[in-house]
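Comments concern the structure below.
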Amino acid sequence: MIETSLTEMFGLSHPIVLGPMGSVAGGLLAAEVSNAGGLGLVGGGYGDRDWLKRELHRVKDATSKPWGVGLITWSSDRSLVDWVLAHEPHAFMLSFGDPRPHAAIIKAAGCKLICQVQDLAGAELAREAGADLIVAQGTEAGGHGGRRATLPFVPAVVDAVSPIPVLAAGGIADGRGLAAALMLGAQGALIGTRFQASQEALCSPAAKEAITRARGDETGRTRIFDIVRSYRWPREYTGRALRNRFFERWHEKEFALELTMGIESRLYREATRNDDLRTAVVWAGEVVDLVDRIGRAADIVREIGTEAEALLHRGTALSLRRPPPSPQG
Ligand SMILES: Cc1cc2nc3c(=O)[nH]c(=O)nc-3n(C[C@H](O)[C@H](O)[C@H](O)COP(=O)(O)O)c2cc1C
């Protein structure tokens with residue numbers, strides 16, 4: 001078993017956290033991840049209370065293990081945070097914005113505060129907020145994020161916020177990625193895209209299939225899906241999605257899209273209703289190369305955890321190998 005400060009904090013069997021994917025990571029998915037020994041986070045996204053009410057009850061019913069919830073910081077206010085806390089999550093993740101205004105009430109509720117950050121300035125804000133865990137999210141990640149790459153960003157955050165434990169996010173989908181994250185100094189991995197292609201995820205079967213078929217080269221970061229849905233994301237965040245026909249038509253033509261919003265937003269809503277993925281967004285990370293089947297969430301947790309453990313054992317053996325004798329004897 002891999003033991004880290006993450007597994008110790010929540011009593012986990014595997015240092016794996018489910019990314020709180022908005023409207024995709026529902027209560028059942030979060031509960032299955034927690035039941036398998038990871039930490040499941042419900043994806044509260046922009047804070048739709050009807051959706052949250054249903055999914056928070058679901059997670060509570062389906063697991064007795066620790067679980068949590070994630071919200072998008074810039075779209076959350078005090079009343080929403082209070083309301084979510086009343087459902088007694090064990091962990092509360094804030095991402096995309098300054099977590100400090102909400103930190104005190106989350107911690108006062110006895111809940112662990114997890115902050116996901118995209119740059120070093122964000123890591124500093126998370127440290128000031130008193131985060132119990134900081135997620136260093138690389139640009140490879142599916143969904144919204146920033147510009148730093150996971151490989152150099154994770155150790156930079158580890159150094160900057162020590163002794164606060166750090167998780168790696170962005171581009172991790174198997175045991176190789178988890179083992180690498182631990183070698184970078186992370187205490188575990190937060191994983192989204194791989195769990196999106198799970199049986200329990202709440203996205204459509206067509207979206208899951210599209211992820212298993214896609215290549216990392218076919219993903220890109222863009223603002224167009226936020227523009228057409230009228231979400232006012234701060235400019236520093238873009239979203240990584242599968243490049244579909246709508247992406248090819250409008251990416252880097254944001255101004256023109258804004259001018260035709262009347263028509264385009266109506267067509268977009270229609271495409272979403274019909275699950276037409278030539279137009280509707282499928283958020284997904286570069287790691288889609290490694291996702292080729294739609295598995296059960298519990299199997300995904302165990303498979304990644306066990307594979308990472310085996311690789312770390314093999315790594316230890318490598319580092320103990322003696323150098324070959326010199327030619328002189
Ligand atoms: C479909 C999808 C939706 C996401 N929604 C959110 C969200 O609402 N809030 C959040 O903090 N992160 C969200 N993320 C980002 C994840 O928290 C995480 O950083 C990311 O999935 C990790 O990279 P990976 O996709 O390569 O595993 C989302 C990711 C995906 C794929």
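Chain labels A, B, ... are given in the sequence in which chains occur in the structure tokens; within each chain residues are numbered consecutively from 1, and ligands are likewise numbered from 1 in the order shown.
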Please, which residues in chain A fall within 7 Å of ligand 1 when counting only C-alpha atoms and all ligand atoms, and what is the closest atom pair and distance in Å to one decimal for each, ordered by chain then residue number, as CSV?
```
residue,atom,partner,partner_atom_place_in_ligand_line,distance
A:Gly19,CA,ligand 1,17 (O),4.0
A:Pro20,CA,ligand 1,17 (O),5.2
A:Met21,CA,ligand 1,5 (N),3.3
A:Gly22,CA,ligand 1,8 (O),3.5
A:Val24,CA,ligand 1,1 (C),6.2
A:Gly43,CA,ligand 1,8 (O),5.5
A:Gly44,CA,ligand 1,8 (O),6.4
A:Gly45,CA,ligand 1,8 (O),3.9
A:Gly70,CA,ligand 1,11 (O),6.0
A:Leu71,CA,ligand 1,9 (N),5.9
A:Ile72,CA,ligand 1,9 (N),5.5
A:Leu94,CA,ligand 1,11 (O),6.5
A:Ser95,CA,ligand 1,11 (O),4.6
A:Phe96,CA,ligand 1,11 (O),7.0
A:Gln116,CA,ligand 1,11 (O),6.6
A:Gln137,CA,ligand 1,19 (O),5.5
A:Glu140,CA,ligand 1,26 (O),5.8
A:Ala141,CA,ligand 1,23 (O),3.4
A:Gly142,CA,ligand 1,25 (O),3.7
A:Gly143,CA,ligand 1,29 (C),4.0
A:His144,CA,ligand 1,14 (N),6.0
A:Ala169,CA,ligand 1,22 (C),4.5
A:Gly170,CA,ligand 1,23 (O),3.3
A:Gly171,CA,ligand 1,26 (O),3.7
A:Ile172,CA,ligand 1,27 (O),5.4
A:Ala173,CA,ligand 1,27 (O),6.3
A:Leu190,CA,ligand 1,22 (C),6.1
A:Ile191,CA,ligand 1,27 (O),3.8
A:Gly192,CA,ligand 1,21 (O),3.2
A:Thr193,CA,ligand 1,25 (O),3.8
A:Arg194,CA,ligand 1,27 (O),6.1
A:Gln196,CA,ligand 1,1 (C),6.4
A:Val282,CA,ligand 1,1 (C),6.8
A:Trp283,CA,ligand 1,1 (C),4.6
A:Ala284,CA,ligand 1,31 (C),4.6
A:Gly285,CA,ligand 1,26 (O),4.5
A:Glu286,CA,ligand 1,26 (O),6.3
A:Val287,CA,ligand 1,26 (O),5.5
```
Checklist entry - Please, which residues of stretch 177-242 of chain A, numbered as in this document, come out alpha helix (DSSP H) from DSSP, as a PyMOL selection string? => result chain A and resi 177-183+193-196+205-213+224-228
Please produce a file of those selected residues containing N, CA, C and O atoms, as a compact mmCIF listing (two decimals), in the first residue's frame.
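Listed below is the output, out23.txt:
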```
# COMPACT_ATOMS: atom_id res chain seq x y z
N GLY A 177 1.57 7.50 -14.36
CA GLY A 177 1.39 8.92 -14.03
C GLY A 177 1.38 9.15 -12.53
O GLY A 177 1.98 10.12 -12.04
N LEU A 178 0.71 8.26 -11.80
CA LEU A 178 0.66 8.44 -10.34
C LEU A 178 2.05 8.27 -9.73
O LEU A 178 2.47 9.07 -8.89
N ALA A 179 2.78 7.23 -10.19
CA ALA A 179 4.13 7.02 -9.65
C ALA A 179 5.01 8.24 -9.95
O ALA A 179 5.77 8.70 -9.09
N ALA A 180 4.89 8.77 -11.17
CA ALA A 180 5.70 9.95 -11.55
C ALA A 180 5.33 11.14 -10.65
O ALA A 180 6.21 11.88 -10.19
N ALA A 181 4.03 11.32 -10.40
CA ALA A 181 3.59 12.44 -9.55
C ALA A 181 4.20 12.33 -8.15
O ALA A 181 4.65 13.32 -7.57
N LEU A 182 4.24 11.10 -7.63
CA LEU A 182 4.81 10.91 -6.29
C LEU A 182 6.31 11.22 -6.31
O LEU A 182 6.85 11.79 -5.36
N MET A 183 6.98 10.87 -7.40
CA MET A 183 8.41 11.18 -7.53
C MET A 183 8.67 12.68 -7.62
O MET A 183 9.74 13.16 -7.27
N THR A 193 -10.23 13.30 -16.32
CA THR A 193 -10.61 12.71 -17.62
C THR A 193 -10.80 11.19 -17.54
O THR A 193 -11.77 10.65 -18.07
N ARG A 194 -9.89 10.48 -16.87
CA ARG A 194 -10.00 9.00 -16.83
C ARG A 194 -11.32 8.59 -16.17
O ARG A 194 -11.97 7.64 -16.60
N PHE A 195 -11.75 9.34 -15.15
CA PHE A 195 -13.01 8.99 -14.48
C PHE A 195 -14.23 9.44 -15.27
O PHE A 195 -15.34 8.97 -15.04
N GLN A 196 -14.02 10.40 -16.18
CA GLN A 196 -15.15 10.81 -17.02
C GLN A 196 -15.58 9.64 -17.90
O GLN A 196 -16.76 9.48 -18.21
N PRO A 205 -23.34 8.77 -22.86
CA PRO A 205 -22.55 7.66 -23.42
C PRO A 205 -21.74 8.11 -24.64
O PRO A 205 -20.61 7.68 -24.82
N ALA A 206 -22.30 9.02 -25.44
CA ALA A 206 -21.57 9.48 -26.64
C ALA A 206 -20.31 10.24 -26.24
O ALA A 206 -19.26 10.09 -26.87
N ALA A 207 -20.39 11.03 -25.17
CA ALA A 207 -19.20 11.78 -24.72
C ALA A 207 -18.13 10.80 -24.21
O ALA A 207 -16.94 10.97 -24.50
N LYS A 208 -18.57 9.78 -23.48
CA LYS A 208 -17.59 8.79 -22.98
C LYS A 208 -16.91 8.08 -24.16
O LYS A 208 -15.69 7.90 -24.16
N GLU A 209 -17.71 7.67 -25.14
CA GLU A 209 -17.15 7.00 -26.33
C GLU A 209 -16.16 7.90 -27.04
O GLU A 209 -15.10 7.46 -27.48
N ALA A 210 -16.52 9.19 -27.15
CA ALA A 210 -15.64 10.14 -27.86
C ALA A 210 -14.28 10.23 -27.16
O ALA A 210 -13.25 10.32 -27.81
N ILE A 211 -14.30 10.18 -25.84
CA ILE A 211 -13.04 10.24 -25.08
C ILE A 211 -12.19 9.00 -25.37
O ILE A 211 -10.97 9.10 -25.56
N THR A 212 -12.82 7.85 -25.42
CA THR A 212 -12.03 6.63 -25.63
C THR A 212 -11.45 6.58 -27.06
O THR A 212 -10.46 5.92 -27.29
N ARG A 213 -12.09 7.28 -27.99
CA ARG A 213 -11.61 7.27 -29.38
C ARG A 213 -10.57 8.36 -29.66
O ARG A 213 -9.76 8.25 -30.57
N ILE A 224 -14.08 29.62 -26.32
CA ILE A 224 -15.32 29.75 -27.11
C ILE A 224 -16.52 29.06 -26.48
O ILE A 224 -17.65 29.54 -26.60
N PHE A 225 -16.29 27.92 -25.78
CA PHE A 225 -17.45 27.23 -25.19
C PHE A 225 -18.01 28.02 -24.01
O PHE A 225 -19.19 27.89 -23.69
N ASP A 226 -17.17 28.80 -23.35
CA ASP A 226 -17.67 29.66 -22.26
C ASP A 226 -18.41 30.86 -22.85
O ASP A 226 -19.46 31.26 -22.35
N ILE A 227 -17.88 31.41 -23.94
CA ILE A 227 -18.53 32.56 -24.57
C ILE A 227 -19.94 32.17 -25.04
O ILE A 227 -20.92 32.85 -24.72
N VAL A 228 -20.03 31.05 -25.73
CA VAL A 228 -21.33 30.70 -26.32
C VAL A 228 -22.35 30.31 -25.24
O VAL A 228 -23.56 30.42 -25.45
```
Next on the checklist: Under the rule that only C-alpha atoms are counted, which of A:Arg223, A:Arg240, A:Arg127, A:Arg176 is the nearest residue to A:Glu307?
Outcome noted: A:Arg176
Next on the checklist: Ranking A:Arg245, A:Arg54, A:Arg221, A:His90 by minimum distance to A:Gly146 and counting only C-alpha atoms, which one comes first?
Outcome noted: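 Closest to A:Gly146, using only C-alpha atoms: A:Arg221.
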Next on the checklist: Taking only C-alpha atoms into account, name the residue in A:Ile16, A:Val33, A:Ala25, A:Leu120 that is nearest to A:Leu167.
Outcome noted: A:Ile16
Next on the checklist: Just to confirm, what's the straight-line distance from atom CA of A:Ala131 to atom CA of A:Leu113 in Å (one decimal)?
Outcome noted: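 The value is 5.1 Å.
Note that the spacing between atom CA of A:Gly188 and atom CA of A:Ala308 amounts to 10.7 Å.
Here the strand (DSSP E) residues in stretch 116-325 of chain A, by DSSP on the backbone, are Gln116, Val117, Leu133, Ile134, Val135, Ala136, Gln137, Gly143, His144, Gly145, Val166, Leu167, Ala168, Ala169, Ala189, Leu190, Ile191, Thr219, Gly220, Arg221, Thr222, Thr238, Gly239, Arg240, Ala241 and Leu242 of chain A.
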Next on the checklist: So that I can check the surroundings of A:Pro15, please list as a VMD selection string every protein, DNA and RNA residue that reaches within 12 Å of it, counting only C-alpha atoms and ignoring chain neighbours fewer than 6 positions away.
Outcome noted: chain A and resid 1 to 9 33 to 34 36 to 40 165 to 168 175 178 to 179 181 to 182 186 to 191 301 to 302 304 to 306 308 to 309
Write a file of the just-selected residues containing N, CA, C and O atoms, as a short mmCIF file (atom, residue, chain, number, x, y, z; two decimals), in the first residue's frame.
```cif
data_model
loop_
_atom_site.label_atom_id
_atom_site.label_comp_id
_atom_site.auth_asym_id
_atom_site.auth_seq_id
_atom_site.Cartn_x
_atom_site.Cartn_y
_atom_site.Cartn_z
N MET A 1 0.84 -1.21 0.00
CA MET A 1 0.00 0.00 0.00
C MET A 1 0.88 1.26 0.00
O MET A 1 1.88 1.30 0.70
N ILE A 2 0.50 2.25 -0.79
CA ILE A 2 1.26 3.50 -0.81
C ILE A 2 0.71 4.39 0.30
O ILE A 2 -0.49 4.67 0.34
N GLU A 3 1.58 4.83 1.19
CA GLU A 3 1.13 5.72 2.27
C GLU A 3 1.73 7.10 2.09
O GLU A 3 2.95 7.24 1.95
N THR A 4 0.88 8.11 2.08
CA THR A 4 1.35 9.49 1.94
C THR A 4 0.55 10.34 2.93
O THR A 4 -0.38 9.84 3.57
N SER A 5 0.86 11.63 2.98
CA SER A 5 0.06 12.44 3.91
C SER A 5 -1.40 12.56 3.45
O SER A 5 -2.28 12.77 4.26
N LEU A 6 -1.65 12.38 2.14
CA LEU A 6 -3.05 12.36 1.67
C LEU A 6 -3.79 11.13 2.22
O LEU A 6 -4.89 11.25 2.77
N THR A 7 -3.18 9.95 2.07
CA THR A 7 -3.87 8.73 2.52
C THR A 7 -4.07 8.77 4.03
O THR A 7 -5.10 8.35 4.54
N GLU A 8 -3.08 9.34 4.72
CA GLU A 8 -3.18 9.46 6.19
C GLU A 8 -4.30 10.42 6.59
O GLU A 8 -5.07 10.15 7.51
N MET A 9 -4.41 11.54 5.87
CA MET A 9 -5.40 12.58 6.21
C MET A 9 -6.83 12.03 6.17
O MET A 9 -7.66 12.36 7.00
N VAL A 33 -15.63 5.97 -5.88
CA VAL A 33 -14.19 6.25 -5.72
C VAL A 33 -13.83 6.13 -4.24
O VAL A 33 -12.83 5.50 -3.87
N SER A 34 -14.66 6.70 -3.37
CA SER A 34 -14.37 6.63 -1.93
C SER A 34 -14.44 5.18 -1.43
O SER A 34 -13.58 4.74 -0.67
N ALA A 36 -13.78 2.57 -3.00
CA ALA A 36 -12.63 1.79 -3.49
C ALA A 36 -11.32 2.23 -2.84
O ALA A 36 -10.26 1.73 -3.18
N GLY A 37 -11.39 3.19 -1.93
CA GLY A 37 -10.18 3.57 -1.20
C GLY A 37 -9.53 4.86 -1.67
O GLY A 37 -8.47 5.25 -1.19
N GLY A 38 -10.18 5.55 -2.64
CA GLY A 38 -9.71 6.89 -3.01
C GLY A 38 -10.57 7.93 -2.30
O GLY A 38 -11.29 7.60 -1.35
N LEU A 39 -10.49 9.18 -2.75
CA LEU A 39 -11.36 10.22 -2.18
C LEU A 39 -12.24 10.77 -3.31
O LEU A 39 -11.72 11.35 -4.28
N GLY A 40 -13.54 10.59 -3.18
CA GLY A 40 -14.46 11.07 -4.21
C GLY A 40 -14.91 12.50 -3.92
O GLY A 40 -15.31 12.81 -2.80
N PRO A 165 0.90 19.58 2.04
CA PRO A 165 0.94 18.54 1.02
C PRO A 165 0.30 18.98 -0.30
O PRO A 165 -0.69 19.72 -0.30
N VAL A 166 0.89 18.50 -1.39
CA VAL A 166 0.47 18.90 -2.74
C VAL A 166 0.00 17.66 -3.51
O VAL A 166 0.55 16.58 -3.35
N LEU A 167 -1.04 17.84 -4.31
CA LEU A 167 -1.48 16.79 -5.24
C LEU A 167 -1.18 17.26 -6.66
O LEU A 167 -1.21 18.47 -6.92
N ALA A 168 -0.92 16.31 -7.56
CA ALA A 168 -0.68 16.65 -8.96
C ALA A 168 -1.96 16.40 -9.75
O ALA A 168 -2.65 15.41 -9.52
N GLY A 175 -1.08 4.09 -13.59
CA GLY A 175 -0.11 3.96 -12.51
C GLY A 175 1.20 4.66 -12.81
O GLY A 175 1.88 5.15 -11.90
N LEU A 178 0.71 8.26 -11.80
CA LEU A 178 0.66 8.44 -10.34
C LEU A 178 2.05 8.27 -9.73
O LEU A 178 2.47 9.07 -8.89
N ALA A 179 2.78 7.23 -10.19
CA ALA A 179 4.13 7.02 -9.65
C ALA A 179 5.01 8.24 -9.95
O ALA A 179 5.77 8.70 -9.09
N ALA A 181 4.03 11.32 -10.40
CA ALA A 181 3.59 12.44 -9.55
C ALA A 181 4.20 12.33 -8.15
O ALA A 181 4.65 13.32 -7.57
N LEU A 182 4.24 11.10 -7.63
CA LEU A 182 4.81 10.91 -6.29
C LEU A 182 6.31 11.22 -6.31
O LEU A 182 6.85 11.79 -5.36
N ALA A 186 4.67 15.05 -5.05
CA ALA A 186 3.23 15.14 -4.72
C ALA A 186 2.86 14.00 -3.77
O ALA A 186 3.53 12.97 -3.73
N GLN A 187 1.78 14.23 -3.03
CA GLN A 187 1.32 13.21 -2.08
C GLN A 187 0.18 12.39 -2.67
O GLN A 187 -0.44 11.58 -1.98
N GLY A 188 -0.13 12.63 -3.93
CA GLY A 188 -1.18 11.89 -4.61
C GLY A 188 -1.56 12.60 -5.89
O GLY A 188 -0.96 13.62 -6.25
N ALA A 189 -2.56 12.04 -6.58
CA ALA A 189 -3.00 12.62 -7.86
C ALA A 189 -4.48 12.89 -7.82
O ALA A 189 -5.26 12.13 -7.24
N LEU A 190 -4.88 13.99 -8.45
CA LEU A 190 -6.29 14.30 -8.65
C LEU A 190 -6.57 14.06 -10.14
O LEU A 190 -5.89 14.62 -11.00
N ILE A 191 -7.54 13.21 -10.41
CA ILE A 191 -7.75 12.70 -11.77
C ILE A 191 -9.17 13.01 -12.24
O ILE A 191 -10.14 12.74 -11.53
N VAL A 301 -9.73 3.04 -9.81
CA VAL A 301 -8.96 3.43 -8.61
C VAL A 301 -7.96 2.32 -8.26
O VAL A 301 -6.75 2.59 -8.09
N ARG A 302 -8.46 1.08 -8.19
CA ARG A 302 -7.58 -0.03 -7.76
C ARG A 302 -6.48 -0.27 -8.78
O ARG A 302 -5.32 -0.48 -8.42
N ILE A 304 -5.07 1.85 -10.95
CA ILE A 304 -4.04 2.90 -10.94
C ILE A 304 -3.19 2.77 -9.67
O ILE A 304 -1.95 2.84 -9.73
N GLY A 305 -3.84 2.54 -8.53
CA GLY A 305 -3.11 2.43 -7.27
C GLY A 305 -2.15 1.26 -7.27
O GLY A 305 -0.98 1.38 -6.88
N THR A 306 -2.63 0.10 -7.75
CA THR A 306 -1.78 -1.10 -7.71
C THR A 306 -0.64 -0.99 -8.71
O THR A 306 0.49 -1.39 -8.42
N ALA A 308 0.80 1.75 -9.76
CA ALA A 308 1.80 2.71 -9.26
C ALA A 308 2.68 2.06 -8.20
O ALA A 308 3.90 2.23 -8.19
N GLU A 309 2.05 1.26 -7.35
CA GLU A 309 2.81 0.61 -6.28
C GLU A 309 3.86 -0.34 -6.87
O GLU A 309 5.03 -0.34 -6.46
#
```
